[in-house]
file coords_15.cif (mmCIF, C-alpha atoms (C1' of nucleotides))
data_work
loop_
_atom_site.label_atom_id
_atom_site.label_comp_id
_atom_site.auth_asym_id
_atom_site.auth_seq_id
_atom_site.Cartn_x
_atom_site.Cartn_y
_atom_site.Cartn_z
CA MET A 1 13.39 15.90 -3.19
CA PHE A 2 16.85 16.75 -1.89
CA GLU A 3 16.59 13.94 0.60
CA ILE A 4 16.18 11.61 -2.33
CA ILE A 5 19.42 12.47 -4.05
CA ALA A 6 21.30 12.58 -0.77
CA GLU A 7 21.72 8.85 -1.13
CA PRO A 8 24.75 8.04 -3.31
CA ASN A 9 23.33 4.86 -4.81
CA ARG A 10 20.35 6.74 -6.06
CA ARG A 11 22.54 9.39 -7.62
CA ALA A 12 24.42 6.63 -9.37
CA ILE A 13 21.18 5.18 -10.70
CA LEU A 14 20.06 8.57 -11.95
CA GLY A 15 23.44 9.02 -13.59
CA LEU A 16 22.87 5.81 -15.53
CA LEU A 17 19.35 6.69 -16.56
CA VAL A 18 20.35 10.04 -17.98
CA SER A 19 21.89 8.17 -20.90
CA SER A 20 18.90 5.98 -21.65
CA GLU A 21 16.15 4.12 -19.95
CA GLN A 22 17.17 0.84 -18.41
CA SER A 23 15.80 -2.26 -16.73
CA VAL A 24 16.41 -3.26 -13.14
CA GLY A 25 18.77 -5.97 -14.26
CA GLU A 26 20.85 -3.61 -16.33
CA ILE A 27 21.22 -1.20 -13.44
CA GLU A 28 22.07 -4.12 -11.20
CA ARG A 29 24.88 -5.27 -13.46
CA ARG A 30 26.28 -1.87 -14.31
CA LEU A 31 26.37 -0.64 -10.74
CA ARG A 32 27.11 -4.03 -9.19
CA MET A 33 24.29 -3.52 -6.78
CA PRO A 34 22.13 -6.36 -5.40
CA GLN A 35 18.81 -6.62 -7.13
CA PRO A 36 16.62 -5.94 -4.08
CA THR A 37 18.65 -2.83 -3.37
CA VAL A 38 18.11 -1.62 -6.90
CA SER A 39 14.40 -2.23 -6.69
CA LYS A 40 14.12 -0.46 -3.40
CA HIS A 41 15.91 2.61 -4.58
CA LEU A 42 13.91 2.66 -7.77
CA ARG A 43 10.77 2.56 -5.75
CA VAL A 44 11.88 5.57 -3.78
CA LEU A 45 12.81 7.36 -6.97
CA ARG A 46 9.52 6.47 -8.60
CA GLU A 47 7.45 7.61 -5.65
CA ALA A 48 9.38 10.86 -5.52
CA GLY A 49 8.73 11.43 -9.20
CA PHE A 50 12.31 11.18 -10.42
CA VAL A 51 11.63 8.19 -12.64
CA GLU A 52 8.75 6.45 -14.28
CA SER A 53 8.53 2.85 -15.35
CA THR A 54 7.00 0.79 -18.10
CA VAL A 55 6.55 -2.95 -18.31
CA ASP A 56 8.23 -5.05 -20.95
CA ALA A 57 7.29 -8.67 -20.24
CA GLN A 58 9.13 -9.66 -17.10
CA ARG A 59 11.23 -6.52 -17.31
CA ARG A 60 10.57 -3.16 -15.83
CA LEU A 61 12.13 -0.29 -17.73
CA TYR A 62 12.90 2.91 -15.89
CA ARG A 63 13.41 6.36 -17.32
CA LEU A 64 13.97 9.83 -15.94
CA ARG A 65 11.33 12.48 -15.44
CA PRO A 66 12.63 16.04 -15.71
CA GLU A 67 10.43 17.83 -13.20
CA PRO A 68 12.33 17.20 -9.96
CA PHE A 69 15.59 18.22 -11.61
CA GLN A 70 14.00 21.42 -12.77
CA GLU A 71 12.85 22.14 -9.25
CA MET A 72 16.34 21.56 -7.93
CA ASP A 73 17.68 23.79 -10.62
CA ASP A 74 15.25 26.49 -9.55
CA TRP A 75 16.46 26.23 -5.99
CA LEU A 76 20.04 26.45 -7.14
CA GLU A 77 19.22 29.49 -9.23
CA GLN A 78 19.33 31.82 -6.25
CA PHE A 79 22.84 30.67 -5.47
CA ARG A 80 23.92 30.97 -9.07
CA ARG A 81 23.08 34.64 -8.89
CA PHE A 82 25.09 34.82 -5.71
CA TRP A 83 28.22 33.37 -7.14
CA SER A 84 28.23 35.04 -10.52
CA GLY A 85 31.29 37.23 -10.55
CA HIS A 86 30.09 40.78 -10.32
CA VAL A 87 27.34 40.27 -7.81
CA ASP A 88 29.69 38.27 -5.66
CA LYS A 89 32.27 40.96 -5.40
CA LEU A 90 29.74 43.69 -4.83
CA GLU A 91 28.08 41.76 -2.05
CA ARG A 92 31.33 41.21 -0.27
CA TYR A 93 32.21 44.86 -0.59
CA LEU A 94 28.87 45.94 0.82
CA ASP A 95 29.19 43.45 3.64
CA ARG A 96 32.53 44.93 4.58
CA MET A 97 31.03 48.41 4.56
CA ASP A 98 28.25 47.15 6.72
CA GLN A 99 30.64 45.63 9.21
CA MET A 100 32.60 48.83 9.49
CA THR A 101 29.45 50.79 10.18
CA GLN A 102 28.51 48.41 12.93
CA LYS A 103 31.91 48.54 14.50
CA LYS A 104 31.73 52.31 14.66
CA ARG A 105 28.43 52.10 16.46
CA LYS A 106 29.85 49.67 18.99
CA THR A 107 32.77 51.81 19.89
CA LYS A 108 30.52 54.79 20.42
CA MET B 1 27.51 17.50 -0.17
CA PHE B 2 24.04 16.37 -1.19
CA GLU B 3 23.51 14.86 2.22
CA ILE B 4 24.11 18.29 3.66
CA ILE B 5 21.33 20.02 1.81
CA ALA B 6 18.99 17.08 2.29
CA GLU B 7 18.16 18.60 5.66
CA PRO B 8 15.41 21.26 5.28
CA ASN B 9 16.63 23.47 8.12
CA ARG B 10 19.99 23.75 6.50
CA ARG B 11 18.44 24.68 3.19
CA ALA B 12 16.53 27.38 4.97
CA ILE B 13 19.71 28.71 6.51
CA LEU B 14 21.43 28.75 3.14
CA GLY B 15 18.43 30.53 1.69
CA LEU B 16 18.88 33.27 4.27
CA LEU B 17 22.60 33.60 3.73
CA VAL B 18 22.29 34.03 0.00
CA SER B 19 20.96 37.52 0.67
CA SER B 20 23.71 38.57 3.02
CA GLU B 21 25.93 37.22 5.72
CA GLN B 22 24.27 36.88 9.10
CA SER B 23 24.96 36.08 12.71
CA VAL B 24 23.68 33.04 14.56
CA GLY B 25 21.19 35.19 16.44
CA GLU B 26 19.78 36.66 13.26
CA ILE B 27 19.28 33.25 11.76
CA GLU B 28 17.72 32.10 15.00
CA ARG B 29 15.18 34.90 14.99
CA ARG B 30 14.36 34.81 11.29
CA LEU B 31 13.89 31.07 11.13
CA ARG B 32 12.48 30.70 14.65
CA MET B 33 14.95 27.95 15.31
CA PRO B 34 16.48 27.26 18.74
CA GLN B 35 19.97 28.68 19.03
CA PRO B 36 21.76 25.35 19.63
CA THR B 37 20.05 23.93 16.56
CA VAL B 38 21.25 26.87 14.50
CA SER B 39 24.79 26.43 15.76
CA LYS B 40 24.79 22.73 15.07
CA HIS B 41 23.60 23.13 11.56
CA LEU B 42 26.05 25.92 10.93
CA ARG B 43 28.83 23.69 12.13
CA VAL B 44 27.81 21.02 9.66
CA LEU B 45 27.60 23.61 6.90
CA ARG B 46 30.96 25.06 7.83
CA GLU B 47 32.69 21.69 7.94
CA ALA B 48 31.19 20.78 4.60
CA GLY B 49 32.45 24.00 3.12
CA PHE B 50 29.11 25.64 2.41
CA VAL B 51 29.76 28.58 4.72
CA GLU B 52 32.60 30.35 6.40
CA SER B 53 32.53 32.44 9.51
CA THR B 54 34.19 35.51 10.91
CA VAL B 55 34.20 36.82 14.45
CA ASP B 56 32.67 40.14 15.35
CA ALA B 57 33.01 40.54 19.14
CA GLN B 58 30.60 38.03 20.68
CA ARG B 59 28.99 37.44 17.32
CA ARG B 60 29.84 34.96 14.67
CA LEU B 61 28.96 36.05 11.17
CA TYR B 62 28.34 33.41 8.56
CA ARG B 63 28.49 33.75 4.82
CA LEU B 64 28.18 31.46 1.85
CA ARG B 65 31.01 29.87 -0.07
CA PRO B 66 30.23 29.21 -3.73
CA GLU B 67 32.21 26.04 -4.36
CA PRO B 68 29.74 23.38 -3.17
CA PHE B 69 26.96 25.00 -5.13
CA GLN B 70 29.10 24.95 -8.21
CA GLU B 71 29.73 21.27 -7.71
CA MET B 72 26.05 20.58 -7.38
CA ASP B 73 25.44 22.63 -10.45
CA ASP B 74 27.96 20.51 -12.30
CA TRP B 75 26.17 17.37 -11.27
CA LEU B 76 22.87 18.81 -12.41
CA GLU B 77 24.39 19.77 -15.73
CA GLN B 78 24.04 16.26 -17.13
CA PHE B 79 20.34 16.33 -16.41
CA ARG B 80 19.93 19.78 -17.86
CA ARG B 81 21.14 18.41 -21.16
CA PHE B 82 18.62 15.65 -20.74
CA TRP B 83 15.66 17.87 -20.22
CA SER B 84 16.45 20.62 -22.69
CA GLY B 85 13.68 20.55 -25.26
CA HIS B 86 15.17 19.08 -28.39
CA VAL B 87 17.36 16.49 -26.78
CA ASP B 88 14.50 15.41 -24.59
CA LYS B 89 12.12 14.75 -27.43
CA LEU B 90 14.75 13.02 -29.50
CA GLU B 91 15.74 10.76 -26.65
CA ARG B 92 12.18 9.70 -26.07
CA TYR B 93 11.69 9.04 -29.72
CA LEU B 94 14.82 6.93 -29.90
CA ASP B 95 13.82 5.04 -26.82
CA ARG B 96 10.49 4.21 -28.42
CA MET B 97 12.25 2.97 -31.51
CA ASP B 98 14.49 0.91 -29.34
CA GLN B 99 11.57 -0.66 -27.54
CA MET B 100 9.91 -1.57 -30.80
CA THR B 101 13.06 -3.23 -32.01
CA GLN B 102 13.30 -5.27 -28.86
CA LYS B 103 9.69 -6.32 -29.02
CA LYS B 104 10.17 -7.54 -32.53
CA ARG B 105 13.12 -9.64 -31.39
CA LYS B 106 11.07 -11.12 -28.61
CA THR B 107 8.25 -12.22 -30.81
CA LYS B 108 10.62 -13.79 -33.23
"C1'" DA C 1 0.14 -26.60 -15.85
"C1'" DC C 2 5.11 -26.12 -14.96
"C1'" DG C 3 9.53 -23.94 -15.02
"C1'" DG C 4 12.43 -20.03 -15.65
"C1'" DA C 5 13.57 -15.19 -15.78
"C1'" DA C 6 12.89 -10.75 -13.81
"C1'" DT C 7 11.44 -7.99 -10.31
"C1'" DA C 8 8.89 -6.35 -6.14
"C1'" DT C 9 8.35 -6.66 -1.39
"C1'" DA C 10 8.54 -8.41 3.59
"C1'" DC C 11 11.15 -8.69 7.68
"C1'" DG C 12 14.77 -7.82 10.81
"C1'" DT C 13 18.97 -5.32 12.18
"C1'" DG C 14 22.26 -1.77 12.86
"C1'" DT C 15 23.78 2.90 12.13
"C1'" DC C 16 23.37 7.60 12.39
"C1'" DA C 17 21.82 12.24 12.56
"C1'" DA C 18 18.31 15.67 14.24
"C1'" DG C 19 16.39 17.68 18.27
"C1'" DG C 20 15.95 18.93 23.26
"C1'" DC C 21 18.13 20.40 27.34
"C1'" DA C 22 22.04 21.78 29.82
"C1'" DT C 23 26.46 23.61 30.17
"C1'" DA C 24 30.88 25.49 28.52
"C1'" DT C 25 33.26 29.05 26.07
"C1'" DA C 26 34.18 33.56 23.79
"C1'" DT C 27 34.03 38.54 23.86
"C1'" DA C 28 33.50 43.05 25.74
"C1'" DG C 29 32.27 46.80 28.98
"C1'" DG C 30 32.29 48.82 33.58
"C1'" DC D 1 37.15 41.02 38.59
"C1'" DC D 2 32.05 40.71 37.63
"C1'" DT D 3 28.25 40.89 34.57
"C1'" DA D 4 26.01 40.54 30.24
"C1'" DT D 5 25.57 38.98 25.59
"C1'" DA D 6 26.31 35.62 22.04
"C1'" DT D 7 27.47 31.28 20.65
"C1'" DA D 8 29.55 26.55 20.69
"C1'" DT D 9 29.33 22.09 22.38
"C1'" DG D 10 28.19 17.88 25.37
"C1'" DC D 11 24.98 14.29 26.35
"C1'" DC D 12 21.07 11.57 25.54
"C1'" DT D 13 17.01 9.91 23.05
"C1'" DT D 14 14.65 8.35 19.16
"C1'" DG D 15 13.04 7.70 14.67
"C1'" DA D 16 14.40 7.19 9.87
"C1'" DC D 17 16.57 4.63 6.57
"C1'" DA D 18 19.94 1.60 4.09
"C1'" DC D 19 21.14 -3.10 3.70
"C1'" DG D 20 20.99 -8.28 3.73
"C1'" DT D 21 18.27 -12.32 3.31
"C1'" DA D 22 14.21 -14.57 2.05
"C1'" DT D 23 10.03 -14.85 -0.25
"C1'" DA D 24 6.19 -13.32 -3.16
"C1'" DT D 25 4.67 -11.70 -7.54
"C1'" DT D 26 4.69 -10.91 -12.56
"C1'" DC D 27 5.26 -12.44 -17.16
"C1'" DC D 28 6.17 -15.65 -20.76
"C1'" DG D 29 7.46 -19.93 -23.29
"C1'" DT D 30 6.79 -24.83 -23.76
#

call {"tool": "encode", "arguments": {"input": "coords_15.cif", "output": "structure tokens"}}
result
Amino acid sequence: MFEIIAEPNRRAILGLLVSSEQSVGEIERRLRMPQPTVSKHLRVLREAGFVESTVDAQRRLYRLRPEPFQEMDDWLEQFRRFWSGHVDKLERYLDRMDQMTQKKRKTK
Amino acid sequence: MFEIIAEPNRRAILGLLVSSEQSVGEIERRLRMPQPTVSKHLRVLREAGFVESTVDAQRRLYRLRPEPFQEMDDWLEQFRRFWSGHVDKLERYLDRMDQMTQKKRKTK
DNA sequence: ACGGAATATACGTGTCAAGGCATATATAGG
DNA sequence: CCTATATATGCCTTGACACGTATATTCCGT
């Protein structure tokens, strides 16, 4: 999942789709990306579950699926706790205490 | 930044460091990862700003820096709006309306 | 059927990053 | 200084993946 969004073009595509579903051609024009490139990235995104597509005549419309984003959000959650103000400062304080304790042991 | 966390070993390292700062050896033992591998990944993480290190005799202690996580969180924010309940349902509804309108145009 | 629009996919190429192994470097104690 | 511990880095290999070009496939109107 994280490997998927590591690619900048795919992030750009996702950024477009968050507004509304779009066809390959629309993505192509808005991002100035060659059509085969668009299709290839969309395939990756589709297979990874980030998007789903529907057929509209010759057009394929792509839209976001929320699940992978929720999973990423879950992963990020642990770090959010880490960086929220109070916890952050306390952790650093305790780490410093811990270091001092260890240094005392070493010098013994 | 996203390319950094695309690598599973690095995510694992970050997952360890969220609890408390650690030395290379501790990471090595907890993740059962060869020492040079740990060092290499830590270097990548350090250069990308995810971690910072301090020296404790022969040991290098690594700890998290919050900024990259905050940036990722910001990026995810747009999708959070997308998947929050009400907006999500409304969007889908509007998309369906949009599709119907287009189909009517086509058949005209 | 044919032609056109839209898109998916095949094929080939070049780049790059992860991992393994070896070695260099940093720090401290005796 | 020597020895020990801890870690960083060099070198090489290899597989993954993005991209460009070409072609195949899907769908529809006439």

call {"tool": "interface_residues", "arguments": {"input": "coords_15.cif", "of": "chain C", "to": "chain B", "cutoff": "8 Å", "atoms": "all atoms listed in the file", "output": "ChimeraX atom specification"}}
result
/C:19,26-28

call {"tool": "closest_residue", "arguments": {"input": "coords_15.cif", "among": "A:Asn9, A:Gly49, A:Phe82, A:Leu17", "to": "chain B", "atoms": "all atoms listed in the file"}}
result
A:Phe82

call {"tool": "closest_residue", "arguments": {"input": "coords_15.cif", "among": "B:Val51, B:Leu42, B:Phe69, B:Arg80", "to": "Arg10 in chain B", "atoms": "only C-alpha atoms"}}
result
B:Leu42

call {"tool": "atom_distance", "arguments": {"input": "coords_15.cif", "atom1": "CA of Arg46 in chain B", "atom2": "CA of Tyr62 in chain B"}}
result
8.8 Å

call {"tool": "resolve_selection", "arguments": {"input": "coords_15.cif", "expression": "the PyMOL selection byres ((chain D) within 12 of (chain A))", "output": "NGL selection string"}}
result
:D and (16-23 or 25-29)

call {"tool": "resolve_selection", "arguments": {"input": "coords_15.cif", "expression": "the PyMOL selection byres ((chain B) within 10 of (chain A))", "output": "PyMOL selection string"}}
result
chain B and resi 1-8+11+14-15+17-22+56-57+61+63-67+69-70+72-73+75-84+88+91-92+94-95+99+102-103+106

call {"tool": "write_last_selection", "arguments": {"input": "coords_15.cif", "atoms": "C-alpha atoms", "output": "JSON list (two decimals), in the frame of the given file"}}
result
[["chain", "number", "residue", "atom", "x", "y", "z"],
["B", 1, "MET", "CA", 27.51, 17.50, -0.17],
["B", 2, "PHE", "CA", 24.04, 16.37, -1.19],
["B", 3, "GLU", "CA", 23.51, 14.86, 2.22],
["B", 4, "ILE", "CA", 24.11, 18.29, 3.66],
["B", 5, "ILE", "CA", 21.33, 20.02, 1.81],
["B", 6, "ALA", "CA", 18.99, 17.08, 2.29],
["B", 7, "GLU", "CA", 18.16, 18.60, 5.66],
["B", 8, "PRO", "CA", 15.41, 21.26, 5.28],
["B", 11, "ARG", "CA", 18.44, 24.68, 3.19],
["B", 14, "LEU", "CA", 21.43, 28.75, 3.14],
["B", 15, "GLY", "CA", 18.43, 30.53, 1.69],
["B", 17, "LEU", "CA", 22.60, 33.60, 3.73],
["B", 18, "VAL", "CA", 22.29, 34.03, 0.00],
["B", 19, "SER", "CA", 20.96, 37.52, 0.67],
["B", 20, "SER", "CA", 23.71, 38.57, 3.02],
["B", 21, "GLU", "CA", 25.93, 37.22, 5.72],
["B", 22, "GLN", "CA", 24.27, 36.88, 9.10],
["B", 56, "ASP", "CA", 32.67, 40.14, 15.35],
["B", 57, "ALA", "CA", 33.01, 40.54, 19.14],
["B", 61, "LEU", "CA", 28.96, 36.05, 11.17],
["B", 63, "ARG", "CA", 28.49, 33.75, 4.82],
["B", 64, "LEU", "CA", 28.18, 31.46, 1.85],
["B", 65, "ARG", "CA", 31.01, 29.87, -0.07],
["B", 66, "PRO", "CA", 30.23, 29.21, -3.73],
["B", 67, "GLU", "CA", 32.21, 26.04, -4.36],
["B", 69, "PHE", "CA", 26.96, 25.00, -5.13],
["B", 70, "GLN", "CA", 29.10, 24.95, -8.21],
["B", 72, "MET", "CA", 26.05, 20.58, -7.38],
["B", 73, "ASP", "CA", 25.44, 22.63, -10.45],
["B", 75, "TRP", "CA", 26.17, 17.37, -11.27],
["B", 76, "LEU", "CA", 22.87, 18.81, -12.41],
["B", 77, "GLU", "CA", 24.39, 19.77, -15.73],
["B", 78, "GLN", "CA", 24.04, 16.26, -17.13],
["B", 79, "PHE", "CA", 20.34, 16.33, -16.41],
["B", 80, "ARG", "CA", 19.93, 19.78, -17.86],
["B", 81, "ARG", "CA", 21.14, 18.41, -21.16],
["B", 82, "PHE", "CA", 18.62, 15.65, -20.74],
["B", 83, "TRP", "CA", 15.66, 17.87, -20.22],
["B", 84, "SER", "CA", 16.45, 20.62, -22.69],
["B", 88, "ASP", "CA", 14.50, 15.41, -24.59],
["B", 91, "GLU", "CA", 15.74, 10.76, -26.65],
["B", 92, "ARG", "CA", 12.18, 9.70, -26.07],
["B", 94, "LEU", "CA", 14.82, 6.93, -29.90],
["B", 95, "ASP", "CA", 13.82, 5.04, -26.82],
["B", 99, "GLN", "CA", 11.57, -0.66, -27.54],
["B", 102, "GLN", "CA", 13.30, -5.27, -28.86],
["B", 103, "LYS", "CA", 9.69, -6.32, -29.02],
["B", 106, "LYS", "CA", 11.07, -11.12, -28.61]]
